[in-house]
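For reference, coords-v9.csv is printed below; it contains CSV, C-alpha atoms.
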chain,number,residue,atom,x,y,z
A,12,MET,CA,2.6,5.9,23.8
A,13,THR,CA,3.6,3.2,26.2
A,14,GLU,CA,5.7,0.1,25.4
A,15,LEU,CA,2.5,-2.0,25.8
A,16,GLU,CA,0.7,0.2,23.3
A,17,TYR,CA,3.6,0.0,20.9
A,18,ASN,CA,3.7,-3.8,21.1
A,19,LYS,CA,-0.1,-3.9,20.5
A,20,CYS,CA,0.4,-1.6,17.5
A,21,VAL,CA,3.0,-4.0,16.1
A,22,ASN,CA,0.7,-6.9,16.5
A,23,GLU,CA,-2.3,-5.2,15.0
A,24,TYR,CA,-0.7,-3.3,12.0
A,25,ALA,CA,2.5,-4.9,10.9
A,26,ASP,CA,0.8,-7.3,8.5
A,27,ASN,CA,-1.5,-4.6,7.0
A,28,LEU,CA,1.4,-2.3,6.5
A,29,PHE,CA,3.5,-5.0,4.9
A,30,ARG,CA,0.7,-6.0,2.6
A,31,PHE,CA,0.2,-2.4,1.5
A,32,ILE,CA,3.9,-1.9,0.8
A,33,VAL,CA,4.5,-5.2,-0.9
A,34,LYS,CA,1.5,-4.8,-3.2
A,35,ASN,CA,3.0,-1.5,-4.3
A,36,LEU,CA,6.6,-2.5,-4.5
A,37,ARG,CA,6.2,-6.1,-5.5
A,38,HIS,CA,9.4,-6.9,-3.7
A,39,GLU,CA,9.1,-8.6,-0.3
A,40,GLU,CA,12.6,-7.8,1.1
A,41,ASP,CA,12.3,-4.1,0.3
A,42,ALA,CA,8.8,-4.1,1.8
A,43,ARG,CA,10.1,-5.7,5.0
A,44,ASP,CA,12.8,-3.1,5.3
A,45,ILE,CA,10.3,-0.3,4.9
A,46,VAL,CA,7.9,-1.8,7.5
A,47,GLN,CA,10.9,-2.2,9.9
A,48,THR,CA,11.9,1.4,9.4
A,49,SER,CA,8.4,2.6,9.9
A,50,PHE,CA,8.2,0.8,13.3
A,51,GLU,CA,11.6,2.2,14.2
A,52,LYS,CA,10.4,5.7,13.6
A,53,LEU,CA,7.3,5.0,15.6
A,54,TRP,CA,9.4,3.8,18.5
A,55,ARG,CA,11.7,6.8,18.3
A,56,ASN,CA,8.7,9.2,18.3
A,57,ARG,CA,6.5,7.2,20.6
A,58,ASP,CA,6.3,10.1,23.1
A,59,ALA,CA,4.9,12.4,20.4
A,60,VAL,CA,2.5,9.9,18.8
A,61,ASP,CA,-0.9,9.4,20.2
A,62,SER,CA,-1.7,5.7,20.3
A,63,GLU,CA,-5.1,6.3,18.8
A,64,LYS,CA,-3.3,7.7,15.7
A,65,SER,CA,-0.6,5.2,15.5
A,66,LYS,CA,-2.0,3.3,12.5
A,67,SER,CA,-2.3,6.6,10.5
A,68,TYR,CA,1.2,7.5,11.6
A,69,LEU,CA,2.6,4.2,10.5
A,70,PHE,CA,1.0,4.2,7.1
A,71,THR,CA,2.1,7.8,6.5
A,72,VAL,CA,5.7,6.9,7.3
A,73,GLY,CA,5.5,3.7,5.3
A,74,TYR,CA,4.0,5.4,2.3
A,75,ASN,CA,6.7,8.2,2.4
A,76,GLN,CA,9.5,5.6,2.8
A,77,MET,CA,8.1,3.6,-0.1
A,78,ILE,CA,8.0,6.7,-2.4
A,79,ASP,CA,11.6,7.6,-1.3
A,80,HIS,CA,12.6,4.0,-2.0
A,81,ILE,CA,11.1,4.0,-5.5
A,82,ARG,CA,12.7,7.4,-6.3
A,83,LYS,CA,16.0,6.3,-4.9
A,84,HIS,CA,16.2,3.2,-7.0
A,85,LYS,CA,14.5,4.9,-10.0
A,86,ARG,CA,12.3,2.0,-10.6
A,87,VAL,CA,10.5,2.6,-13.9
A,88,GLN,CA,8.8,-0.8,-13.8
A,89,LEU,CA,8.0,-2.8,-10.7
A,90,GLN,CA,9.5,-6.2,-10.4
A,91,ASP,CA,7.5,-9.0,-12.1
A,92,GLU,CA,8.1,-11.7,-9.6
A,93,PHE,CA,7.0,-12.5,-6.1
A,94,SER,CA,8.5,-15.2,-4.0
A,95,GLU,CA,7.6,-18.8,-4.7
A,96,ARG,CA,5.0,-18.9,-1.9
A,97,THR,CA,3.2,-15.7,-3.0
A,98,ALA,CA,3.1,-17.0,-6.6
A,99,VAL,CA,1.5,-20.2,-5.5
A,100,GLN,CA,-1.2,-18.2,-3.6
A,101,TYR,CA,-2.0,-16.3,-6.8
A,102,GLN,CA,-2.2,-19.4,-8.9
A,103,GLN,CA,-4.8,-20.9,-6.5
A,104,HIS,CA,-7.2,-18.0,-7.2
A,105,GLY,CA,-7.0,-18.3,-11.0
A,106,ASN,CA,-7.1,-15.6,-13.6
A,107,LEU,CA,-9.2,-13.2,-11.6
A,108,LYS,CA,-6.5,-12.3,-9.2
A,109,LYS,CA,-3.9,-12.2,-12.0
A,110,ASN,CA,-6.1,-9.8,-14.1
A,111,LEU,CA,-6.7,-7.6,-11.0
A,112,MET,CA,-2.9,-7.4,-10.3
A,113,GLU,CA,-2.2,-6.6,-14.0
A,114,ALA,CA,-4.8,-3.9,-13.8
A,115,LEU,CA,-3.4,-2.5,-10.6
A,116,ASN,CA,0.1,-2.4,-12.1
A,117,ARG,CA,-1.2,-0.3,-15.0
A,118,LEU,CA,-1.9,2.5,-12.5
A,119,ASN,CA,0.7,5.1,-11.6
A,120,GLU,CA,2.2,5.2,-8.1
A,121,THR,CA,-0.4,7.6,-6.7
A,122,GLN,CA,-3.4,5.9,-8.2
A,123,LYS,CA,-2.2,2.5,-7.0
A,124,SER,CA,-1.6,3.7,-3.5
A,125,LEU,CA,-5.0,5.4,-3.3
A,126,VAL,CA,-6.8,2.2,-4.4
A,127,MET,CA,-4.8,0.1,-1.9
A,128,LEU,CA,-5.4,2.5,1.0
A,129,LYS,CA,-9.1,2.9,0.3
A,130,ASP,CA,-10.2,-0.5,-1.0
A,131,TYR,CA,-7.7,-2.9,0.7
A,132,GLU,CA,-7.0,-1.1,3.9
A,133,GLY,CA,-10.3,0.7,4.4
A,134,TYR,CA,-9.1,4.2,5.1
A,135,ASN,CA,-11.5,7.1,4.6
A,136,TYR,CA,-10.8,10.0,2.2
A,137,GLU,CA,-9.6,12.3,5.0
A,138,GLU,CA,-7.1,9.8,6.3
A,139,ILE,CA,-5.8,9.0,2.8
A,140,GLY,CA,-5.4,12.7,2.2
A,141,ARG,CA,-3.2,13.0,5.4
A,142,ILE,CA,-1.2,10.0,4.5
A,143,MET,CA,-0.5,11.0,0.9
A,144,ASN,CA,-0.4,14.8,1.5
A,145,LEU,CA,-3.5,15.5,-0.7
A,146,ASN,CA,-6.7,17.3,0.0
A,147,GLU,CA,-9.9,15.3,0.2
A,148,SER,CA,-11.1,16.5,-3.3
A,149,GLN,CA,-7.9,15.4,-4.9
A,150,VAL,CA,-8.2,12.0,-3.2
A,151,LYS,CA,-11.7,11.6,-4.6
A,152,VAL,CA,-10.8,12.7,-8.1
A,153,TYR,CA,-7.6,10.6,-8.4
A,154,LEU,CA,-9.4,7.6,-6.9
A,155,HIS,CA,-12.3,7.9,-9.3
A,156,ARG,CA,-9.8,8.1,-12.3
A,157,ALA,CA,-7.9,5.1,-10.9
A,158,ARG,CA,-11.1,3.0,-10.6
A,159,LEU,CA,-12.2,4.0,-14.2
A,160,THR,CA,-8.8,2.8,-15.5
A,161,LEU,CA,-9.2,-0.5,-13.5
A,162,ARG,CA,-12.8,-1.0,-14.8
A,163,ASN,CA,-11.9,-0.3,-18.4
A,164,TYR,CA,-9.0,-2.8,-18.2
A,165,LEU,CA,-11.0,-5.5,-16.4
A,166,VAL,CA,-14.0,-5.3,-18.7
A,167,SER,CA,-12.1,-5.3,-22.0
A,168,PRO,CA,-12.9,-8.4,-24.0
A,169,GLU,CA,-9.4,-9.8,-23.9
A,170,ASN,CA,-9.5,-9.8,-20.0
A,171,VAL,CA,-13.0,-11.1,-19.4
A,172,GLY,CA,-12.5,-14.7,-18.6

Structure rendered as structure tokens:
Amino acid sequence: MTELEYNKCVNEYADNLFRFIVKNLRHEEDARDIVQTSFEKLWRNRDAVDSEKSKSYLFTVGYNQMIDHIRKHKRVQLQDEFSERTAVQYQQHGNLKKNLMEALNRLNETQKSLVMLKDYEGYNYEEIGRIMNLNESQVKVYLHRARLTLRNYLVSPENVG
């Protein structure tokens, strides 16, 4: 990977990786640190990483860093607050976004990451399997269960607005 390809990678994927990490951690500073570390690792390993696979490499490193971070800090519950700016964005979209975030936060780490990678980032089952070290069948089953949990929460009478 050349320096130009690396810079292009930063421009194309930094926001997506940050969004994926912050939606899982719900802590912007930690998410920024993980994104920074992911790009540092990409830079150090740029000779071994094919530029065509840089997005998958970044998300794999970012996901693993995020899991390590969660384990290191033994976070049982994710933080309940975003920065002021993020909170204002959520208020603008009303209860739907609030209910969706509440539903996502009911999922375990694996399920939440699967939903984020598939439905927010657009990865296919094979790519998600590589990122999360699961086989394709596991990805499909876990994702199906996560979506059922989300659906059951979102269509319950107290959450239908």

Quiz item: Distance atom CA of A:Ile81-atom CA of A:Ser124, one decimal place?
Solution: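 Between atom CA of A:Ile81 and atom CA of A:Ser124 the gap works out to 12.9 Å.
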
Exercise. Between A:Asn116, A:Asn110, A:Asn18, A:Asn27, single out the one closest to A:Phe70, counting all atoms listed in the file.
Key: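 Closest candidate: A:Asn27.
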
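If you look at atom CA of A:Arg43 and atom CA of A:Lys66, they are 16.8 Å away from each other.
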
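Interatomic distance, atom CA of A:Arg55 to atom CA of A:Gln76: 15.7 Å.
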
Quiz prompt | Option closest in space to A:Asp79, from A:Lys64, A:Asp58, A:Glu120, A:Glu113 [counting only C-alpha atoms] | solution = A:Glu120

Can you tell me, as a compact mmCIF listing (two decimals) with C-alpha atoms, keeping the file's coordinate frame, what residues are no more than 12 Å from A:Gly73 when counting all atoms listed in the file, ignoring any on the same chain fewer than 6 positions away?
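Dumped to result_32.txt:
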# COMPACT_ATOMS: atom_id res chain seq x y z
CA TYR A 24 -0.70 -3.30 12.00
CA ALA A 25 2.50 -4.90 10.90
CA ASN A 27 -1.50 -4.60 7.00
CA LEU A 28 1.40 -2.30 6.50
CA PHE A 29 3.50 -5.00 4.90
CA ARG A 30 0.70 -6.00 2.60
CA PHE A 31 0.20 -2.40 1.50
CA ILE A 32 3.90 -1.90 0.80
CA VAL A 33 4.50 -5.20 -0.90
CA ASN A 35 3.00 -1.50 -4.30
CA LEU A 36 6.60 -2.50 -4.50
CA ASP A 41 12.30 -4.10 0.30
CA ALA A 42 8.80 -4.10 1.80
CA ARG A 43 10.10 -5.70 5.00
CA ASP A 44 12.80 -3.10 5.30
CA ILE A 45 10.30 -0.30 4.90
CA VAL A 46 7.90 -1.80 7.50
CA GLN A 47 10.90 -2.20 9.90
CA THR A 48 11.90 1.40 9.40
CA SER A 49 8.40 2.60 9.90
CA PHE A 50 8.20 0.80 13.30
CA GLU A 51 11.60 2.20 14.20
CA LYS A 52 10.40 5.70 13.60
CA LEU A 53 7.30 5.00 15.60
CA SER A 65 -0.60 5.20 15.50
CA LYS A 66 -2.00 3.30 12.50
CA SER A 67 -2.30 6.60 10.50
CA ASP A 79 11.60 7.60 -1.30
CA HIS A 80 12.60 4.00 -2.00
CA SER A 124 -1.60 3.70 -3.50
CA LEU A 128 -5.40 2.50 1.00
CA ILE A 142 -1.20 10.00 4.50
CA MET A 143 -0.50 11.00 0.90

Practice problem: Mind checking which residues fall within 10 Å of A:Gln149, counting only C-alpha atoms, ignoring those fewer than 5 positions away in the same chain, and posting them as a list in words? | Solution: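 Close residues of A:Gln149: Tyr136, Gly140, Asn144, Leu154 and His155 of chain A.
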
Just to be explicit: take each residue in the selection above, keep C-alpha atoms, and write the result as a PDB file, in the coordinates of the input.
ATOM      1  CA  TYR A 136     -10.800  10.000   2.200  1.00  0.00           C
ATOM      2  CA  GLY A 140      -5.400  12.700   2.200  1.00  0.00           C
ATOM      3  CA  ASN A 144      -0.400  14.800   1.500  1.00  0.00           C
ATOM      4  CA  LEU A 154      -9.400   7.600  -6.900  1.00  0.00           C
ATOM      5  CA  HIS A 155     -12.300   7.900  -9.300  1.00  0.00           C
TER       6      HIS A 155
END

Exercise. Counting only C-alpha atoms, figure out which residue out of A:Thr13, A:Val126, A:Asp26, A:Val21 gets nearest to A:Leu111.
Key: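 The answer is A:Val126, which sits nearest to A:Leu111.
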
Quiz item: For A:Arg162, which of A:Ser148, A:Tyr17, A:Leu115, A:Glu132 is the closest residue, counting only C-alpha atoms?
Solution: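 Looking only at the distances to A:Arg162, the closest residue turns out to be A:Leu115.
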
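The residue that comes closest to A:Asn56, out of A:Met12, A:Ile78, A:Cys20, A:Val166 and on the basis of all atoms listed in the file, is A:Met12.
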
Quiz item: Near A:Leu125, within 8 Å and counting only C-alpha atoms, which residues show up once chain neighbours fewer than 5 positions away are dropped, as a PyMOL selection string?
Solution: chain A and resi 139+150+153-154

Quiz item: Which residue, A:Lys108, A:Arg141, A:Arg57, A:Arg37, has the smallest gap to A:Tyr74 when you use only C-alpha atoms?
Solution: A:Arg141
